[in-house]
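Undergrad: Dropping in structure.csv, which is CSV, N, CA and C atoms:
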```csv
chain,number,residue,atom,x,y,z
A,102,MET,N,31.5,16.8,-1.6
A,102,MET,CA,31.3,17.5,-2.9
A,102,MET,C,29.8,17.5,-3.3
A,103,PRO,N,29.3,18.6,-3.7
A,103,PRO,CA,27.9,18.7,-4.1
A,103,PRO,C,27.7,18.1,-5.5
A,104,HIS,N,26.7,17.3,-5.6
A,104,HIS,CA,26.3,16.6,-6.8
A,104,HIS,C,24.8,16.7,-7.0
A,105,ILE,N,24.4,16.8,-8.2
A,105,ILE,CA,23.0,16.7,-8.5
A,105,ILE,C,22.8,15.5,-9.6
A,106,GLN,N,21.8,14.8,-9.4
A,106,GLN,CA,21.5,13.6,-10.3
A,106,GLN,C,20.4,14.0,-11.3
A,107,ILE,N,20.8,13.9,-12.6
A,107,ILE,CA,19.8,14.2,-13.7
A,107,ILE,C,19.9,13.0,-14.6
A,108,ASN,N,18.8,12.4,-14.9
A,108,ASN,CA,18.7,11.3,-15.8
A,108,ASN,C,19.7,10.2,-15.5
A,109,HIS,N,19.8,9.9,-14.2
A,109,HIS,CA,20.7,8.8,-13.7
A,109,HIS,C,22.2,9.1,-13.8
A,110,PHE,N,22.6,10.4,-14.0
A,110,PHE,CA,24.0,10.8,-14.1
A,110,PHE,C,24.2,11.8,-13.0
A,111,ASN,N,25.3,11.7,-12.3
A,111,ASN,CA,25.7,12.7,-11.3
A,111,ASN,C,26.6,13.8,-11.9
A,112,TYR,N,26.2,15.0,-11.6
A,112,TYR,CA,26.9,16.2,-12.0
A,112,TYR,C,27.5,16.9,-10.8
A,113,PHE,N,28.8,17.2,-10.9
A,113,PHE,CA,29.4,18.0,-9.8
A,113,PHE,C,29.1,19.5,-10.1
A,114,TYR,N,28.8,20.2,-9.1
A,114,TYR,CA,28.5,21.7,-9.2
A,114,TYR,C,29.0,22.4,-8.0
A,115,GLN,N,29.2,23.7,-8.1
A,115,GLN,CA,29.5,24.6,-7.0
A,115,GLN,C,28.6,25.8,-7.1
A,116,SER,N,28.1,26.3,-6.0
A,116,SER,CA,27.3,27.5,-5.9
A,116,SER,C,28.0,28.5,-5.0
A,117,HIS,N,28.2,29.7,-5.4
A,117,HIS,CA,28.9,30.8,-4.7
A,117,HIS,C,28.0,32.0,-4.7
A,118,GLY,N,28.1,32.8,-3.6
A,118,GLY,CA,27.3,34.0,-3.5
A,118,GLY,C,25.9,33.8,-3.1
A,119,THR,N,25.2,34.9,-2.8
A,119,THR,CA,23.8,34.8,-2.3
A,119,THR,C,22.9,35.9,-3.0
A,120,GLY,N,23.3,36.3,-4.2
A,120,GLY,CA,22.5,37.3,-4.9
A,120,GLY,C,21.2,36.8,-5.3
A,121,THR,N,20.3,37.7,-5.7
A,121,THR,CA,18.9,37.2,-6.1
A,121,THR,C,18.9,36.8,-7.6
A,122,GLU,N,19.9,37.2,-8.4
A,122,GLU,CA,20.1,36.8,-9.8
A,122,GLU,C,21.2,35.8,-9.9
A,123,THR,N,21.1,34.9,-10.8
A,123,THR,CA,22.1,33.8,-11.0
A,123,THR,C,22.9,33.9,-12.3
A,124,VAL,N,24.2,33.7,-12.2
A,124,VAL,CA,25.0,33.6,-13.3
A,124,VAL,C,25.5,32.1,-13.4
A,125,GLU,N,25.3,31.4,-14.5
A,125,GLU,CA,25.7,30.1,-14.7
A,125,GLU,C,26.9,30.0,-15.7
A,126,LEU,N,28.0,29.4,-15.2
A,126,LEU,CA,29.2,29.3,-16.1
A,126,LEU,C,29.4,27.9,-16.5
A,127,SER,N,29.5,27.6,-17.8
A,127,SER,CA,29.6,26.3,-18.4
A,127,SER,C,30.9,26.2,-19.2
A,128,HIS,N,31.7,25.2,-18.9
A,128,HIS,CA,33.0,25.1,-19.6
A,128,HIS,C,32.9,24.3,-20.9
A,129,GLY,N,34.0,24.3,-21.6
A,129,GLY,CA,34.1,23.5,-22.9
A,129,GLY,C,34.6,22.1,-22.6
A,130,LEU,N,34.8,21.4,-23.6
A,130,LEU,CA,35.2,20.0,-23.5
A,130,LEU,C,36.6,19.9,-22.9
A,131,LEU,N,36.7,18.9,-22.0
A,131,LEU,CA,38.0,18.6,-21.3
A,131,LEU,C,38.4,19.6,-20.3
A,132,TRP,N,37.6,20.5,-19.9
A,132,TRP,CA,37.9,21.5,-18.8
A,132,TRP,C,37.1,21.2,-17.6
A,133,SER,N,37.1,22.0,-16.6
A,133,SER,CA,36.3,21.8,-15.4
A,133,SER,C,35.8,23.2,-15.0
A,134,GLY,N,34.9,23.2,-14.0
A,134,GLY,CA,34.4,24.5,-13.5
A,134,GLY,C,35.4,25.3,-12.8
A,135,HIS,N,36.5,24.7,-12.4
A,135,HIS,CA,37.6,25.4,-11.8
A,135,HIS,C,38.2,26.5,-12.6
A,136,MET,N,38.1,26.4,-13.9
A,136,MET,CA,38.6,27.4,-14.8
A,136,MET,C,38.0,28.8,-14.7
A,137,PHE,N,36.9,28.9,-14.0
A,137,PHE,CA,36.2,30.1,-13.8
A,137,PHE,C,36.4,30.8,-12.4
A,138,TYR,N,37.5,30.4,-11.7
A,138,TYR,CA,37.7,30.9,-10.4
A,138,TYR,C,37.8,32.4,-10.3
A,139,LYS,N,38.4,33.1,-11.3
A,139,LYS,CA,38.5,34.5,-11.3
A,139,LYS,C,37.1,35.2,-11.6
A,140,GLN,N,36.3,34.6,-12.5
A,140,GLN,CA,35.0,35.1,-12.7
A,140,GLN,C,34.1,34.9,-11.5
A,141,VAL,N,34.2,33.8,-10.8
A,141,VAL,CA,33.4,33.5,-9.6
A,141,VAL,C,33.8,34.6,-8.6
A,142,ASP,N,35.1,34.8,-8.4
A,142,ASP,CA,35.5,35.7,-7.4
A,142,ASP,C,35.0,37.1,-7.7
A,143,TYR,N,34.9,37.5,-8.9
A,143,TYR,CA,34.4,38.8,-9.3
A,143,TYR,C,32.9,39.0,-9.1
A,144,PHE,N,32.1,38.0,-9.5
A,144,PHE,CA,30.7,38.1,-9.5
A,144,PHE,C,30.0,37.7,-8.2
A,145,LYS,N,30.6,36.9,-7.3
A,145,LYS,CA,30.0,36.3,-6.2
A,145,LYS,C,29.5,37.3,-5.2
A,146,ASP,N,30.0,38.5,-5.2
A,146,ASP,CA,29.5,39.5,-4.2
A,146,ASP,C,28.2,40.1,-4.6
A,147,HIS,N,27.7,40.0,-5.8
A,147,HIS,CA,26.5,40.6,-6.3
A,147,HIS,C,25.5,39.5,-6.9
A,148,TYR,N,26.0,38.3,-7.2
A,148,TYR,CA,25.1,37.3,-7.8
A,148,TYR,C,25.4,36.0,-7.2
A,149,ARG,N,24.4,35.1,-7.4
A,149,ARG,CA,24.7,33.7,-7.1
A,149,ARG,C,25.4,33.1,-8.4
A,150,VAL,N,26.5,32.5,-8.2
A,150,VAL,CA,27.3,32.0,-9.4
A,150,VAL,C,27.3,30.5,-9.3
A,151,ILE,N,26.9,29.8,-10.3
A,151,ILE,CA,27.0,28.3,-10.4
A,151,ILE,C,27.9,27.9,-11.5
A,152,THR,N,28.8,27.0,-11.1
A,152,THR,CA,29.7,26.3,-12.1
A,152,THR,C,29.4,24.8,-12.0
A,153,TYR,N,29.5,24.1,-13.1
A,153,TYR,CA,29.2,22.7,-13.0
A,153,TYR,C,30.1,22.0,-14.1
A,154,ASP,N,30.3,20.7,-13.9
A,154,ASP,CA,31.1,19.9,-14.8
A,154,ASP,C,30.2,19.1,-15.6
A,155,HIS,N,30.4,19.1,-16.9
A,155,HIS,CA,29.6,18.3,-17.8
A,155,HIS,C,29.8,16.8,-17.5
A,156,LYS,N,28.9,16.0,-18.0
A,156,LYS,CA,28.8,14.5,-17.8
A,156,LYS,C,30.2,13.9,-18.2
A,157,GLY,N,30.8,13.2,-17.2
A,157,GLY,CA,32.0,12.5,-17.5
A,157,GLY,C,33.3,13.4,-17.2
A,158,GLN,N,33.1,14.6,-16.8
A,158,GLN,CA,34.2,15.5,-16.6
A,158,GLN,C,34.1,16.1,-15.1
A,159,TYR,N,34.2,15.2,-14.2
A,159,TYR,CA,34.1,15.6,-12.8
A,159,TYR,C,35.4,16.1,-12.2
A,160,GLN,N,35.3,17.0,-11.2
A,160,GLN,CA,36.5,17.5,-10.5
A,160,GLN,C,37.0,16.5,-9.5
```
Can you turn what I pasted into structure tokens?

TA:
Amino acid sequence: MPHIQINHFNYFYQSHGTGTETVELSHGLLWSGHMFYKQVDYFKDHYRVITYDHKGQYQ
């Protein structure tokens, strides 16, 4: 699972697509980045799409 550490906290993220522009999708409380699977599927052919889970809300 890909993680990035920021200020001593690990954040789970996923990156899809290889476009030159980036779309970042951020979920609300008690959800996860998985909720954006349809948006990721739509945008990934033209953009780099990043989803991540907020602190304490890992997949």

Undergrad: State, in Å with one decimal place, the distance from atom CA of A:His117 to atom C of A:Ile105.

TA: 17.2 Å

Undergrad: Could you pull out all residues of chain A with a DSSP call of strand (DSSP E) and give them as a PyMOL selection string?

TA: chain A and resi 104-107+110-117+123-127+149-153

Undergrad: Have a look at atom C of A:Val141 and atom C of A:Ser116 and let me know their distance in Å, one decimal.

TA: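 It comes out at 9.2 Å.
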
Undergrad: Excluding same-chain residues fewer than 5 positions from A:Arg149, what lies within 7 Å of it counting only N, CA and C atoms, as a list of chain:residue names?

TA: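 Counting only the stated atoms, we get A:Ser116, A:His117, A:Gly118, A:Thr119, A:Gly120, A:Thr121, A:Glu122, A:Thr123, A:Val124, A:Glu125, A:Phe144.
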
Undergrad: Identify the residues around (27.4, 22.1, -10.9) within a radius of 8 Å, measuring from only N, CA and C atoms in the coordinates stated by the file, and give them as a PDB file with N, CA and C atoms, in the coordinates of the input.

TA:
```pdb
ATOM      1  N   PRO A 103      29.300  18.600  -3.700  1.00  0.00           N
ATOM      2  CA  PRO A 103      27.900  18.700  -4.100  1.00  0.00           C
ATOM      3  C   PRO A 103      27.700  18.100  -5.500  1.00  0.00           C
ATOM      4  N   HIS A 104      26.700  17.300  -5.600  1.00  0.00           N
ATOM      5  CA  HIS A 104      26.300  16.600  -6.800  1.00  0.00           C
ATOM      6  C   HIS A 104      24.800  16.700  -7.000  1.00  0.00           C
ATOM      7  N   ILE A 105      24.400  16.800  -8.200  1.00  0.00           N
ATOM      8  CA  ILE A 105      23.000  16.700  -8.500  1.00  0.00           C
ATOM      9  C   ILE A 105      22.800  15.500  -9.600  1.00  0.00           C
ATOM     10  N   TYR A 112      26.200  15.000 -11.600  1.00  0.00           N
ATOM     11  CA  TYR A 112      26.900  16.200 -12.000  1.00  0.00           C
ATOM     12  C   TYR A 112      27.500  16.900 -10.800  1.00  0.00           C
ATOM     13  N   PHE A 113      28.800  17.200 -10.900  1.00  0.00           N
ATOM     14  CA  PHE A 113      29.400  18.000  -9.800  1.00  0.00           C
ATOM     15  C   PHE A 113      29.100  19.500 -10.100  1.00  0.00           C
ATOM     16  N   TYR A 114      28.800  20.200  -9.100  1.00  0.00           N
ATOM     17  CA  TYR A 114      28.500  21.700  -9.200  1.00  0.00           C
ATOM     18  C   TYR A 114      29.000  22.400  -8.000  1.00  0.00           C
ATOM     19  N   GLN A 115      29.200  23.700  -8.100  1.00  0.00           N
ATOM     20  CA  GLN A 115      29.500  24.600  -7.000  1.00  0.00           C
ATOM     21  C   GLN A 115      28.600  25.800  -7.100  1.00  0.00           C
ATOM     22  N   SER A 116      28.100  26.300  -6.000  1.00  0.00           N
ATOM     23  CA  SER A 116      27.300  27.500  -5.900  1.00  0.00           C
ATOM     24  C   SER A 116      28.000  28.500  -5.000  1.00  0.00           C
ATOM     25  N   GLY A 134      34.900  23.200 -14.000  1.00  0.00           N
ATOM     26  CA  GLY A 134      34.400  24.500 -13.500  1.00  0.00           C
ATOM     27  C   GLY A 134      35.400  25.300 -12.800  1.00  0.00           C
ATOM     28  N   ILE A 151      26.900  29.800 -10.300  1.00  0.00           N
ATOM     29  CA  ILE A 151      27.000  28.300 -10.400  1.00  0.00           C
ATOM     30  C   ILE A 151      27.900  27.900 -11.500  1.00  0.00           C
ATOM     31  N   THR A 152      28.800  27.000 -11.100  1.00  0.00           N
ATOM     32  CA  THR A 152      29.700  26.300 -12.100  1.00  0.00           C
ATOM     33  C   THR A 152      29.400  24.800 -12.000  1.00  0.00           C
ATOM     34  N   TYR A 153      29.500  24.100 -13.100  1.00  0.00           N
ATOM     35  CA  TYR A 153      29.200  22.700 -13.000  1.00  0.00           C
ATOM     36  C   TYR A 153      30.100  22.000 -14.100  1.00  0.00           C
ATOM     37  N   ASP A 154      30.300  20.700 -13.900  1.00  0.00           N
ATOM     38  CA  ASP A 154      31.100  19.900 -14.800  1.00  0.00           C
ATOM     39  C   ASP A 154      30.200  19.100 -15.600  1.00  0.00           C
ATOM     40  N   HIS A 155      30.400  19.100 -16.900  1.00  0.00           N
ATOM     41  CA  HIS A 155      29.600  18.300 -17.800  1.00  0.00           C
ATOM     42  C   HIS A 155      29.800  16.800 -17.500  1.00  0.00           C
TER      43      HIS A 155
END
```
